[in-house]
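Asks: Have a peek at target07.cif (mmCIF, C-alpha atoms).
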data_query
#
loop_
_atom_site.label_atom_id
_atom_site.label_comp_id
_atom_site.auth_asym_id
_atom_site.auth_seq_id
_atom_site.Cartn_x
_atom_site.Cartn_y
_atom_site.Cartn_z
CA MET P 25 -18.29 -13.55 -12.30
CA LYS P 26 -17.35 -13.75 -15.99
CA PRO P 27 -17.94 -10.58 -18.04
CA GLU P 28 -20.07 -12.45 -20.56
CA THR P 29 -22.35 -13.59 -17.72
CA ILE P 30 -22.98 -10.00 -16.64
CA VAL P 31 -23.70 -8.97 -20.22
CA LYS P 32 -26.15 -11.89 -20.52
CA HIS P 33 -28.06 -10.77 -17.41
CA ALA P 34 -28.18 -7.17 -18.62
CA LEU P 35 -29.44 -8.17 -22.06
CA GLU P 36 -32.14 -10.36 -20.50
CA ASP P 37 -33.41 -7.34 -18.57
CA TRP P 38 -33.42 -5.09 -21.63
CA GLY P 39 -35.07 -7.78 -23.75
CA ALA P 40 -38.44 -6.98 -22.20
CA GLU P 41 -38.48 -3.69 -24.14
CA ALA P 42 -38.91 -3.37 -27.89
CA GLN P 43 -36.19 -0.76 -28.30
CA VAL P 44 -32.85 -0.03 -26.71
CA PRO P 45 -33.60 2.28 -23.80
CA ALA P 46 -31.91 5.60 -23.13
CA GLY P 47 -29.24 5.58 -20.45
CA LEU P 48 -27.96 2.13 -21.37
CA ALA P 49 -25.18 2.04 -18.80
CA ASP P 50 -27.51 3.19 -16.01
CA ARG P 51 -29.99 0.46 -16.95
CA ALA P 52 -27.22 -2.15 -16.79
CA LEU P 53 -26.31 -0.90 -13.35
CA GLY P 54 -29.91 -0.90 -12.22
CA ALA P 55 -30.61 -4.41 -13.45
CA ARG P 56 -27.98 -6.28 -11.45
CA ARG P 57 -28.33 -8.20 -8.23
CA ARG P 58 -25.29 -7.33 -6.13
CA ARG P 59 -22.81 -8.25 -8.86
CA PRO P 60 -19.17 -7.15 -8.56
CA LEU P 61 -18.40 -3.86 -10.28
CA ILE P 62 -16.60 -4.53 -13.55
CA LYS P 63 -16.07 -2.29 -16.54
CA ILE P 64 -16.73 -4.16 -19.79
CA ALA P 65 -16.10 -3.06 -23.36
CA LEU P 66 -19.02 -3.90 -25.65
CA VAL P 67 -17.92 -5.60 -28.85
CA GLY P 68 -18.15 -3.26 -31.83
CA GLY P 69 -18.70 -0.08 -29.81
CA THR P 70 -17.30 2.34 -27.30
CA ALA P 71 -20.03 2.08 -24.63
CA ALA P 72 -19.23 0.35 -21.37
CA LEU P 73 -21.37 -1.36 -18.75
CA LEU P 74 -20.73 -0.73 -15.09
CA ALA P 75 -22.05 -2.89 -12.29
CA GLY P 76 -21.57 -3.16 -8.49
CA THR P 77 -19.65 -1.35 -5.78
CA ALA P 78 -15.88 -1.83 -6.37
CA ALA P 79 -14.16 -1.26 -9.73
CA VAL P 80 -11.60 -3.26 -11.68
CA ALA P 81 -10.56 -2.08 -15.17
CA LEU P 82 -10.75 -4.78 -17.84
CA VAL P 83 -10.50 -2.61 -20.95
CA SER P 84 -7.38 -1.44 -22.71
CA GLY P 85 -6.38 1.98 -21.49
CA GLY P 86 -7.00 0.80 -17.95
CA GLY P 87 -7.68 3.07 -15.01
CA THR P 88 -10.00 2.47 -12.13
CA ALA P 89 -13.70 3.20 -12.58
CA ARG P 90 -15.37 5.25 -9.87
CA PRO P 91 -17.81 3.20 -7.79
CA ARG P 92 -21.46 4.05 -8.35
CA PRO P 93 -23.59 4.61 -5.22
CA SER P 94 -25.92 1.77 -4.36
CA ALA P 95 -29.58 2.14 -5.27
CA PRO P 96 -31.41 4.50 -2.90
CA GLU P 97 -34.21 3.67 -0.57
CA PHE P 98 -37.68 4.35 -1.90
CA GLU P 99 -38.31 8.02 -1.42
CA ARG P 100 -41.56 9.36 -0.07
CA VAL P 101 -43.36 10.99 -2.99
CA ALA P 102 -45.18 14.24 -2.32
CA LEU P 103 -48.92 13.62 -2.45
CA SER P 104 -50.98 15.90 -4.63
CA SER P 105 -53.13 18.59 -3.04
CA ASP P 106 -55.45 18.44 -6.06
CA THR P 107 -58.97 17.40 -5.08
CA THR P 108 -60.60 18.31 -8.39
CA LEU P 109 -63.51 16.07 -9.35
CA ARG P 110 -62.68 14.26 -12.60
CA THR P 111 -65.16 12.06 -14.44
CA ASP P 112 -65.39 10.15 -17.71
CA LEU P 113 -69.03 9.47 -18.49
CA GLY P 114 -68.81 8.87 -22.21
CA SER P 115 -67.41 5.35 -22.33
CA ALA P 116 -68.01 1.96 -20.77
CA PHE P 117 -64.25 1.83 -20.14
CA PRO P 118 -62.61 4.96 -18.68
CA ARG P 119 -60.21 6.77 -20.99
CA ARG P 120 -59.50 9.93 -18.96
CA LEU P 121 -58.54 10.22 -15.29
CA VAL P 122 -61.29 9.50 -12.77
CA ALA P 123 -60.66 11.08 -9.36
CA ALA P 124 -62.29 12.77 -6.38
CA GLY P 125 -60.96 14.09 -3.11
CA HIS P 126 -57.54 12.68 -2.32
CA MET P 127 -58.06 9.45 -4.28
CA ALA P 128 -57.93 8.53 -7.95
CA VAL P 129 -58.43 5.49 -10.14
CA SER P 130 -54.73 4.93 -10.87
CA ALA P 131 -55.35 1.84 -12.99
CA TYR P 132 -58.01 -0.65 -13.92
CA TYR P 133 -58.03 -4.15 -15.30
CA THR P 134 -60.28 -6.50 -17.17
CA GLY P 135 -59.88 -10.24 -16.90
CA GLN P 136 -60.84 -13.59 -18.26
CA TRP P 137 -60.39 -17.23 -17.37
CA VAL P 138 -58.04 -19.05 -19.72
CA GLY P 139 -58.38 -22.85 -19.85
CA GLY P 140 -61.50 -24.91 -19.37
CA ASP P 141 -62.74 -28.07 -17.65
CA GLY P 142 -62.72 -26.42 -14.22
CA GLY P 143 -59.03 -25.52 -14.45
CA GLY P 144 -57.13 -22.66 -16.03
CA SER P 145 -56.11 -19.31 -14.67
CA PHE P 146 -57.40 -15.74 -14.48
CA GLU P 147 -55.46 -13.36 -16.72
CA ARG P 148 -55.68 -9.57 -16.34
CA THR P 149 -55.38 -6.91 -19.01
CA TRP P 150 -54.23 -3.66 -17.39
CA HIS P 151 -54.83 -0.02 -18.20
CA LEU P 152 -52.50 2.30 -16.30
CA TYR P 153 -52.84 6.06 -15.86
CA ASN P 154 -50.35 8.22 -17.74
CA PRO P 155 -49.90 11.60 -15.99
CA SER P 156 -48.33 13.06 -19.14
CA THR P 157 -51.49 12.54 -21.20
CA GLY P 158 -54.16 12.38 -18.50
CA GLU P 159 -55.42 9.11 -19.96
CA TYR P 160 -55.32 5.39 -19.23
CA GLU P 161 -53.07 3.33 -21.48
CA ASN P 162 -52.78 -0.39 -22.04
CA ALA P 163 -49.93 -1.89 -19.99
CA PRO P 164 -48.30 -5.26 -20.81
CA TRP P 165 -47.86 -6.46 -17.24
CA ALA P 166 -49.44 -9.38 -15.40
CA TYR P 167 -49.77 -7.48 -12.11
CA ILE P 168 -49.44 -3.79 -11.15
CA SER P 169 -49.35 -1.88 -7.86
CA VAL P 170 -49.26 1.94 -8.06
CA ALA P 171 -47.45 3.81 -5.28
CA PRO P 172 -49.07 6.73 -3.41
CA GLY P 173 -48.46 9.92 -5.36
CA MET P 174 -48.94 8.04 -8.63
CA ALA P 175 -45.36 8.66 -9.79
CA ARG P 176 -44.20 5.03 -9.92
CA ALA P 177 -45.60 1.53 -9.98
CA ALA P 178 -44.34 -1.95 -9.20
CA VAL P 179 -44.91 -4.26 -12.15
CA LEU P 180 -44.71 -8.04 -12.56
CA GLU P 181 -44.21 -9.87 -15.84
CA GLY P 182 -46.29 -12.87 -16.79
CA PRO P 183 -46.65 -15.69 -16.43
CA LEU P 184 -46.90 -15.40 -12.67
CA PRO P 185 -45.16 -15.86 -10.32
CA ALA P 186 -42.33 -13.58 -11.46
CA LYS P 187 -38.63 -13.73 -10.65
CA ARG P 188 -38.14 -9.97 -10.81
CA VAL P 189 -40.09 -6.81 -9.98
CA GLY P 190 -39.93 -3.72 -12.17
CA MET P 191 -39.90 -0.15 -10.86
CA PHE P 192 -41.98 1.63 -13.50
CA ASP P 193 -41.84 5.40 -14.00
CA MET P 194 -45.40 6.58 -14.64
CA LYS P 195 -44.30 9.60 -16.73
CA THR P 196 -41.52 8.14 -18.87
CA ARG P 197 -43.38 4.79 -19.18
CA LYS P 198 -40.14 2.91 -18.66
CA VAL P 199 -38.89 0.41 -16.11
CA VAL P 200 -36.02 2.24 -14.41
CA ARG P 201 -34.82 -0.69 -12.33
CA TRP P 202 -35.46 -4.41 -11.89
CA ILE P 203 -35.36 -6.08 -8.49
CA ARG P 204 -34.59 -9.79 -8.72
CA VAL P 205 -36.01 -12.21 -6.15
CA ASP P 206 -34.97 -15.74 -5.20
CA HIS P 207 -38.57 -16.67 -4.38
CA ALA P 208 -40.94 -15.85 -7.25
CA VAL P 209 -43.67 -13.33 -6.39
CA GLY P 210 -47.25 -12.97 -7.58
CA GLY P 211 -48.49 -9.92 -5.67
CA ALA P 212 -47.21 -6.47 -4.67
CA ALA P 213 -48.54 -3.74 -2.36
CA TRP P 214 -47.02 -0.37 -1.48
CA SER P 215 -47.00 0.84 2.11
CA PRO P 216 -49.23 3.84 2.91
CA ASP P 217 -46.23 6.20 2.75
CA GLY P 218 -44.91 4.67 -0.47
CA ARG P 219 -41.47 3.89 1.00
CA ARG P 220 -41.78 0.10 1.26
CA LEU P 221 -43.06 -2.61 -1.02
CA LEU P 222 -44.67 -5.81 0.24
CA LEU P 223 -44.12 -8.72 -2.16
CA THR P 224 -46.09 -11.97 -1.73
CA ALA P 225 -44.27 -15.08 -2.95
CA TYR P 226 -45.93 -18.14 -4.49
CA GLY P 227 -44.78 -21.53 -5.67
CA LYS P 228 -47.14 -21.43 -8.65
CA ASN P 229 -49.59 -19.09 -10.35
CA PRO P 230 -51.81 -17.51 -7.64
CA ASP P 231 -54.58 -16.86 -10.16
CA THR P 232 -55.64 -20.46 -10.69
CA ARG P 233 -59.24 -21.41 -9.98
CA PRO P 234 -59.88 -21.46 -6.22
CA GLY P 235 -60.41 -24.67 -4.32
CA PRO P 236 -59.46 -26.36 -1.02
CA GLY P 237 -55.72 -26.21 -0.45
CA THR P 238 -54.95 -24.62 -3.81
CA SER P 239 -52.91 -21.62 -2.64
CA SER P 240 -49.17 -21.98 -3.05
CA ARG P 241 -48.15 -18.91 -1.01
CA THR P 242 -44.67 -19.43 0.42
CA GLY P 243 -43.83 -16.14 2.15
CA TYR P 244 -43.02 -12.51 1.56
CA TYR P 245 -40.46 -9.72 1.24
CA VAL P 246 -40.66 -6.24 2.77
CA THR P 247 -38.58 -4.21 0.34
CA ASP P 248 -37.41 -0.70 1.27
CA SER P 249 -34.79 -0.15 -1.43
CA ALA P 250 -34.47 -0.50 -5.17
CA ALA P 251 -31.12 -2.23 -4.56
CA GLY P 252 -32.72 -5.55 -3.66
CA PRO P 253 -35.74 -7.27 -2.10
CA GLY P 254 -34.36 -7.68 1.41
CA ALA P 255 -34.85 -10.76 3.56
CA PHE P 256 -37.37 -13.45 2.65
CA HIS P 257 -39.87 -14.39 5.38
CA PRO P 258 -41.64 -17.77 5.10
CA MET P 259 -45.44 -17.63 5.52
CA PRO P 260 -47.40 -20.53 4.01
CA ALA P 261 -51.00 -20.04 2.93
CA GLY P 262 -53.84 -20.19 5.43
CA ARG P 263 -55.29 -23.69 5.59
CA ASP P 264 -58.88 -22.56 6.07
CA ASN P 265 -58.82 -20.14 3.12
CA PRO P 266 -59.84 -21.68 -0.24
CA SER P 267 -58.57 -18.72 -2.28
CA SER P 268 -55.57 -19.46 -4.47
CA ARG P 269 -54.48 -15.79 -4.29
CA GLN P 270 -53.73 -14.89 -0.67
CA ASP P 271 -51.74 -11.66 -1.00
CA LEU P 272 -50.53 -9.91 2.13
CA GLY P 273 -51.41 -6.28 2.84
CA TRP P 274 -50.57 -3.32 5.07
CA SER P 275 -52.25 -1.96 8.18
CA ARG P 276 -53.54 1.60 7.82
CA ASP P 277 -50.50 3.09 9.56
CA GLY P 278 -47.98 0.83 7.81
CA ALA P 279 -46.66 -0.59 11.10
CA LEU P 280 -48.04 -4.11 10.53
CA ILE P 281 -48.88 -6.46 7.68
CA TRP P 282 -51.84 -8.81 7.43
CA ALA P 283 -52.83 -12.10 5.83
CA PRO P 284 -56.40 -12.63 4.57
CA THR P 285 -58.78 -15.22 6.02
CA ALA P 286 -62.03 -16.67 4.67
CA THR P 287 -64.02 -15.85 7.83
CA LEU P 288 -64.34 -13.19 10.51
CA PRO P 289 -61.97 -11.69 11.50
CA THR P 290 -61.08 -11.02 7.86
CA LYS P 291 -57.37 -10.51 8.52
CA VAL P 292 -54.61 -11.84 10.79
CA PHE P 293 -51.95 -9.23 11.61
CA TYR P 294 -48.17 -9.66 11.94
CA SER P 295 -45.09 -7.58 12.61
CA LEU P 296 -42.92 -6.94 9.56
CA ASP P 297 -40.73 -9.91 10.52
CA GLY P 298 -43.71 -12.28 10.78
CA LYS P 299 -44.66 -12.33 14.49
CA LYS P 300 -48.41 -12.43 15.12
CA ARG P 301 -49.84 -9.21 16.56
CA PRO P 302 -53.30 -8.04 17.75
CA ALA P 303 -55.42 -6.46 15.05
CA PRO P 304 -55.69 -2.65 15.12
CA ALA P 305 -59.17 -1.48 16.08
CA HIS P 306 -61.82 -2.38 13.45
CA GLU P 307 -59.24 -3.25 10.75
CA ALA P 308 -60.12 -6.95 10.77
CA GLU P 309 -63.82 -6.26 10.16
CA TYR P 310 -63.71 -5.70 6.39
CA ASP P 311 -62.20 -7.25 3.29
CA ASP P 312 -59.40 -5.72 1.26
CA HIS P 313 -61.75 -4.91 -1.64
CA GLU P 314 -64.02 -2.85 0.63
CA ALA P 315 -63.55 0.81 1.52
CA GLY P 316 -62.82 0.11 5.17
CA LEU P 317 -62.37 2.86 7.73
CA SER P 318 -62.65 6.50 6.68
CA PRO P 319 -59.38 8.49 6.63
CA ASN P 320 -60.10 9.85 10.14
CA GLY P 321 -60.85 6.32 11.41
CA ALA P 322 -64.39 7.17 12.53
CA LEU P 323 -66.70 5.64 9.91
CA LEU P 324 -67.03 2.10 8.59
CA PRO P 325 -69.36 1.08 5.71
CA LYS P 326 -70.78 -2.45 5.51
CA PHE P 327 -73.14 -4.10 3.05
CA GLY P 328 -76.80 -4.23 4.11
CA PRO P 329 -79.49 -4.24 5.20
CA LYS P 330 -80.74 -6.82 2.73
CA PRO P 331 -82.26 -7.08 0.19
CA GLY P 332 -80.59 -3.83 -0.82
CA PRO P 333 -78.85 -2.50 -2.68
CA ALA P 334 -77.73 -0.74 0.47
CA VAL P 335 -74.60 0.00 2.48
CA THR P 336 -74.83 1.10 6.11
CA VAL P 337 -72.16 3.50 7.42
CA THR P 338 -71.56 3.27 11.18
CA ASN P 339 -69.62 5.61 13.45
CA VAL P 340 -67.27 3.17 15.22
CA VAL P 341 -66.55 5.72 17.96
CA THR P 342 -70.16 6.23 19.03
CA GLY P 343 -71.67 3.03 17.60
CA LYS P 344 -74.42 5.07 15.93
CA LYS P 345 -75.62 4.73 12.36
CA ALA P 346 -74.29 7.58 10.21
CA ALA P 347 -76.04 6.77 6.92
CA VAL P 348 -77.73 4.11 4.81
CA LEU P 349 -76.69 4.58 1.18
CA PRO P 350 -78.45 3.18 -1.93
CA ILE P 351 -75.31 1.60 -3.41
CA GLU P 352 -74.13 -1.95 -4.09
CA SER P 353 -70.66 -1.60 -2.57
CA ALA P 354 -68.37 1.00 -1.00
CA GLU P 355 -65.03 0.85 -2.82
CA ALA P 356 -62.82 3.59 -1.32
CA TRP P 357 -63.01 6.87 0.60
CA ALA P 358 -62.50 10.10 -1.33
CA ASP P 359 -62.46 12.02 1.96
CA ASP P 360 -64.01 11.68 5.42
CA ARG P 361 -67.56 12.25 4.14
CA THR P 362 -67.55 10.88 0.58
CA LEU P 363 -67.20 7.40 -0.92
CA PHE P 364 -66.38 5.87 -4.26
CA ALA P 365 -69.10 3.30 -4.81
CA ILE P 366 -70.50 0.82 -7.31
CA GLY P 367 -74.18 1.23 -8.01
CA CYS P 368 -76.78 2.95 -10.10
CA ASP P 369 -79.12 5.86 -9.66
CA PRO P 370 -82.35 4.05 -8.54
CA LEU P 371 -84.51 6.39 -10.63
CA LYS P 372 -82.63 5.46 -13.81
CA CYS P 373 -81.87 1.79 -13.23
CA LYS P 374 -85.20 0.46 -11.96
CA GLY P 375 -85.88 -2.94 -13.50
CA LEU P 376 -82.51 -3.13 -15.29
CA GLY P 377 -80.82 -5.36 -12.70
CA GLU P 378 -77.99 -4.87 -10.22
CA PHE P 379 -75.28 -5.81 -12.72
CA ARG P 380 -75.85 -2.74 -14.88
CA ASN P 381 -73.85 -0.38 -12.74
CA ARG P 382 -71.17 2.29 -12.77
CA LEU P 383 -68.61 3.97 -10.55
CA LEU P 384 -70.24 6.66 -8.41
CA LEU P 385 -69.37 9.26 -5.83
CA VAL P 386 -71.80 9.34 -2.90
CA ASP P 387 -71.82 11.47 0.24
CA LEU P 388 -73.31 10.64 3.62
CA LYS P 389 -76.53 12.46 2.71
CA GLY P 390 -77.04 10.11 -0.23
CA LYS P 391 -76.14 12.59 -2.98
CA ILE P 392 -74.92 10.59 -6.00
CA THR P 393 -72.51 11.85 -8.66
CA PRO P 394 -71.77 9.51 -11.60
CA LEU P 395 -68.06 9.11 -12.36
CA THR P 396 -67.98 6.69 -15.32
CA GLY P 397 -70.21 5.16 -17.96
CA TYR P 398 -72.27 2.04 -17.30
CA ARG P 399 -70.81 -1.45 -17.31
CA ARG P 400 -72.18 -5.00 -17.12
CA SER P 401 -70.39 -6.39 -14.08
CA ASP P 402 -71.74 -9.91 -14.66
CA ARG P 403 -69.99 -10.27 -18.00
CA ALA P 404 -66.43 -11.20 -18.95
CA GLY P 405 -64.32 -8.12 -19.66
CA SER P 406 -65.95 -5.90 -17.06
CA TRP P 407 -63.39 -3.42 -15.72
CA ASN P 408 -62.23 -3.29 -12.09
CA PRO P 409 -60.87 -0.06 -10.60
CA VAL P 410 -57.66 0.27 -8.54
CA PHE P 411 -57.58 3.24 -6.16
CA THR P 412 -54.45 5.15 -5.12
CA HIS P 413 -53.80 8.30 -3.08
CA ARG P 414 -52.96 10.92 -5.71
#
Translate the structure of the given file into structure tokens.

Replies:
Amino acid sequence: MKPETIVKHALEDWGAEAQVPAGLADRALGARRRRPLIKIALVGGTAALLAGTAAVALVSGGGTARPRPSAPEFERVALSSDTTLRTDLGSAFPRRLVAAGHMAVSAYYTGQWVGGDGGGSFERTWHLYNPSTGEYENAPWAYISVAPGMARAAVLEGPLPAKRVGMFDMKTRKVVRWIRVDHAVGGAAWSPDGRRLLLTAYGKNPDTRPGPGTSSRTGYYVTDSAAGPGAFHPMPAGRDNPSSRQDLGWSRDGALIWAPTATLPTKVFYSLDGKKRPAPAHEAEYDDHEAGLSPNGALLPKFGPKPGPAVTVTNVVTGKKAAVLPIESAEAWADDRTLFAIGCDPLKCKGLGEFRNRLLLVDLKGKITPLTGYRRSDRAGSWNPVFTHR
């Protein structure tokens, strides 16, 4: 490959940032897709770019450059033992970290439909947690998935689908490496141990208005290294699912992946190479946006009984009812006995409508602890939490 071609690719990757990043040579190395290793003199300076695995000297003075090791596999990040309750009650949009038990709100987004006449697309505005400040900060990405441990995130540029995936350092607030893909991707999900990244590929924007046959999902990657995305696996969208976004997800143990359906069972499970597999017990009984099984696998919350608001928690081992909670939805488990939920204290919200709600913490005895300020969930710009193991 010509030297000027490599420089062009490197400059394209750096162009996403407003200033020249530190560690320029490392960034050039991290941004390539299996290019040959060549040492190139930059015009008007003494810095050099290195790329690849075998070296050939092209600058005066010669010598052979030492090969740089290939990008490592994703390392398992140590999960925090901090279970401190953290709330932010003073604002309709969280500014400080919200967390309880082993889970935290790692990010949240607001969204709006752009384009009228029944068309257009849904565009998200993201706020991502910064562990250096303890606050949420605006992030310029179209899609974000935060890895367990909250040390890094996978980020996608807009407009979707994207031709590269950024590995974003949560502390330095910089993309440390770009992974280029041959099939553009619109969704990303980390495995439960944070060592693999599931990328869902689409032929066009997955956030267009839903309708029959609108999804353009083409397949997926299971990526276990920052060096590249790995093999592409074709998997067209489900024909009976009207949703335009049909992202794939992980089973609880990370051994399987699943595709969403529009009916019960809610998920169809596959091996990592795309072979259909039986669903793990009770994992196809809830949607991805619901809390699902408790960490110990014993409890499962479901909406109802109507008219509500109510969520019934059932022990799937004994089949007995464990609790009926006065909440609108169960979002995630903080621990085996406590849930993040959307709802409102009935004594304070009577007559104000179900859409005036907030993020709550509720235990199986019905004790409610507010976590955030109130929001109007029926209005454009309402924020949506993303939960990650901290």

Asks: CA of Pro155 (chain P) and CA of Ser115 (chain P), how far apart in Å?

Replies: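 Atom-to-atom, CA of Ser115 (chain P) and CA of Pro155 (chain P) are spaced 19.6 Å apart.
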
Asks: Would you kindly return, as a list in words, each protein, DNA or RNA residue with an atom no farther than 8 Å from any atom of region 187-196 of chain P, considering all atoms listed in the file and excluding same-chain residues fewer than 6 positions away?

Replies: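 Near region 187-196 of chain P, the qualifying residues are Tyr153, Asn154, Pro155, Ser156, Met174, Ala175, Arg176, Ala177, Ala178, Val179, Leu180, Glu181, Trp202, Ile203, Arg204, Val205, Asp206, His207, Ala208, Val209 and Ala250 of chain P.
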
Asks: Provide the CA of Val348 (chain P) to CA of Val335 (chain P) distance in Å, to one decimal place.

Replies: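 CA of Val348 (chain P) sits 5.7 Å away from CA of Val335 (chain P).
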
Asks: When distances are computed from all atoms listed in the file, which of P:Gly243, P:Asn162, P:Ala303, P:Gly328 shows the smallest separation from Pro289 (chain P)?

Replies: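 Ranked by minimum distance to Pro289 (chain P), first place goes to P:Ala303.
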
Asks: Which residues are close to Asn339 (chain P), i.e. within 10 Å by all atoms listed in the file, leaving aside same-chain residues fewer than 4 positions away? Reply as a PyMOL selection string.

Replies: chain P and resi 317-318+321-325+343-347

Asks: Written as JSON, numbers by chain, which residues does the PyMOL selection byres ((chain P and resi 390) around 10) give for the file shown?

Replies: {"P": [347, 348, 349, 350, 351, 362, 385, 386, 387, 388, 389, 391, 392, 393]}

Asks: Could you dump the residues just selected with C-alpha atoms as a tab-separated table (two decimals), keeping the file's coordinate frame?

Replies:
chain	number	residue	atom	x	y	z
P	347	ALA	CA	-76.04	6.77	6.92
P	348	VAL	CA	-77.73	4.11	4.81
P	349	LEU	CA	-76.69	4.58	1.18
P	350	PRO	CA	-78.45	3.18	-1.93
P	351	ILE	CA	-75.31	1.60	-3.41
P	362	THR	CA	-67.55	10.88	0.58
P	385	LEU	CA	-69.37	9.26	-5.83
P	386	VAL	CA	-71.80	9.34	-2.90
P	387	ASP	CA	-71.82	11.47	0.24
P	388	LEU	CA	-73.31	10.64	3.62
P	389	LYS	CA	-76.53	12.46	2.71
P	391	LYS	CA	-76.14	12.59	-2.98
P	392	ILE	CA	-74.92	10.59	-6.00
P	393	THR	CA	-72.51	11.85	-8.66

Asks: Using CA of Pro230 (chain P) and CA of Thr134 (chain P) as the two end points, give the distance in Å to one decimal.

Replies: 16.8 Å

Asks: List as a CSV table (one decimal) with C-alpha atoms, in the coordinates of the input the residues having at least one atom at most 10 Å from position (-41.4, 4.1, -0.5) as given in the file, counting only C-alpha atoms.

Replies:
chain,number,residue,atom,x,y,z
P,97,GLU,CA,-34.2,3.7,-0.6
P,98,PHE,CA,-37.7,4.4,-1.9
P,99,GLU,CA,-38.3,8.0,-1.4
P,100,ARG,CA,-41.6,9.4,-0.1
P,101,VAL,CA,-43.4,11.0,-3.0
P,171,ALA,CA,-47.4,3.8,-5.3
P,172,PRO,CA,-49.1,6.7,-3.4
P,176,ARG,CA,-44.2,5.0,-9.9
P,214,TRP,CA,-47.0,-0.4,-1.5
P,215,SER,CA,-47.0,0.8,2.1
P,216,PRO,CA,-49.2,3.8,2.9
P,217,ASP,CA,-46.2,6.2,2.8
P,218,GLY,CA,-44.9,4.7,-0.5
P,219,ARG,CA,-41.5,3.9,1.0
P,220,ARG,CA,-41.8,0.1,1.3
P,221,LEU,CA,-43.1,-2.6,-1.0
P,247,THR,CA,-38.6,-4.2,0.3
P,248,ASP,CA,-37.4,-0.7,1.3
P,249,SER,CA,-34.8,-0.2,-1.4
P,250,ALA,CA,-34.5,-0.5,-5.2

Asks: I would like the residues chosen by the PyMOL selection byres ((chain P and resi 296) around 10) on the shown file; could you give them as a VMD selection string?

Replies: chain P and resid 222 244 to 246 257 274 278 to 282 293 to 295 297 to 300

Asks: On this file, the PyMOL selection byres ((chain P and resi 268) around 8) gives some set of residues; write that set as a VMD selection string.

Replies: chain P and resid 230 to 235 237 to 240 266 to 267 269 to 270

Asks: Let me make sure I understand: among P:Gly332, P:Gly273, P:Pro319, P:Pro409, which one has the smallest atom-to-atom distance to Asp359 (chain P) if we use only C-alpha atoms?

Replies: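 Closest residue, counting only C-alpha atoms: P:Pro319.
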
Asks: Would you mind telling me which residue in P:Gly210, P:Val200, P:Glu378, P:Val138 lies nearest to Ala251 (chain P) when using only C-alpha atoms?

Replies: P:Val200

Asks: As JSON, please report the centre and edge lengths, rounded to one decimal in Å, of the axis-aligned box that holds all listed atoms of region 127-140 of chain P with 6 Å of padding on each of the six sides.

Replies:
{"center_x": -58.1, "center_y": -7.7, "center_z": -12.1, "size_x": 18.8, "size_y": 46.4, "size_z": 27.6}

Asks: Between P:Thr149, P:Thr111, P:Thr242, P:Asn265, which one has atoms that come closest to Leu384 (chain P), using only C-alpha atoms?

Replies: P:Thr111

Asks: Closest to Asn229 (chain P) among P:Tyr167, P:Trp407, P:Tyr133, P:Tyr398, using only C-alpha atoms?

Replies: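 That would be P:Tyr167, the residue with the smallest distance to Asn229 (chain P).
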
Asks: Taking all atoms listed in the file into account, name the residue in P:Gly405, P:Pro394, P:Gly158, P:Gly262 that is nearest to Leu113 (chain P).

Replies: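 With all atoms listed in the file as the atom set, the closest residue is P:Pro394.
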
Asks: Which neighbours of Gly316 (chain P) fall inside 12 Å, counting all atoms listed in the file, when residues of the same chain fewer than 5 positions from it are skipped, and could you give them as a list in words?

Replies: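 Those residues are Ser275, Arg276, Thr290, Ala305, His306, Glu307, Ala308, Glu309, Tyr310, Asp311, Gly321, Ala322, Leu323, Leu324, Pro325, Lys326, Phe327, Val337, Thr338, Val340, Ser353, Ala354, Glu355, Ala356, Trp357, Ala358, Asp360, Leu363 and Phe364 of chain P.
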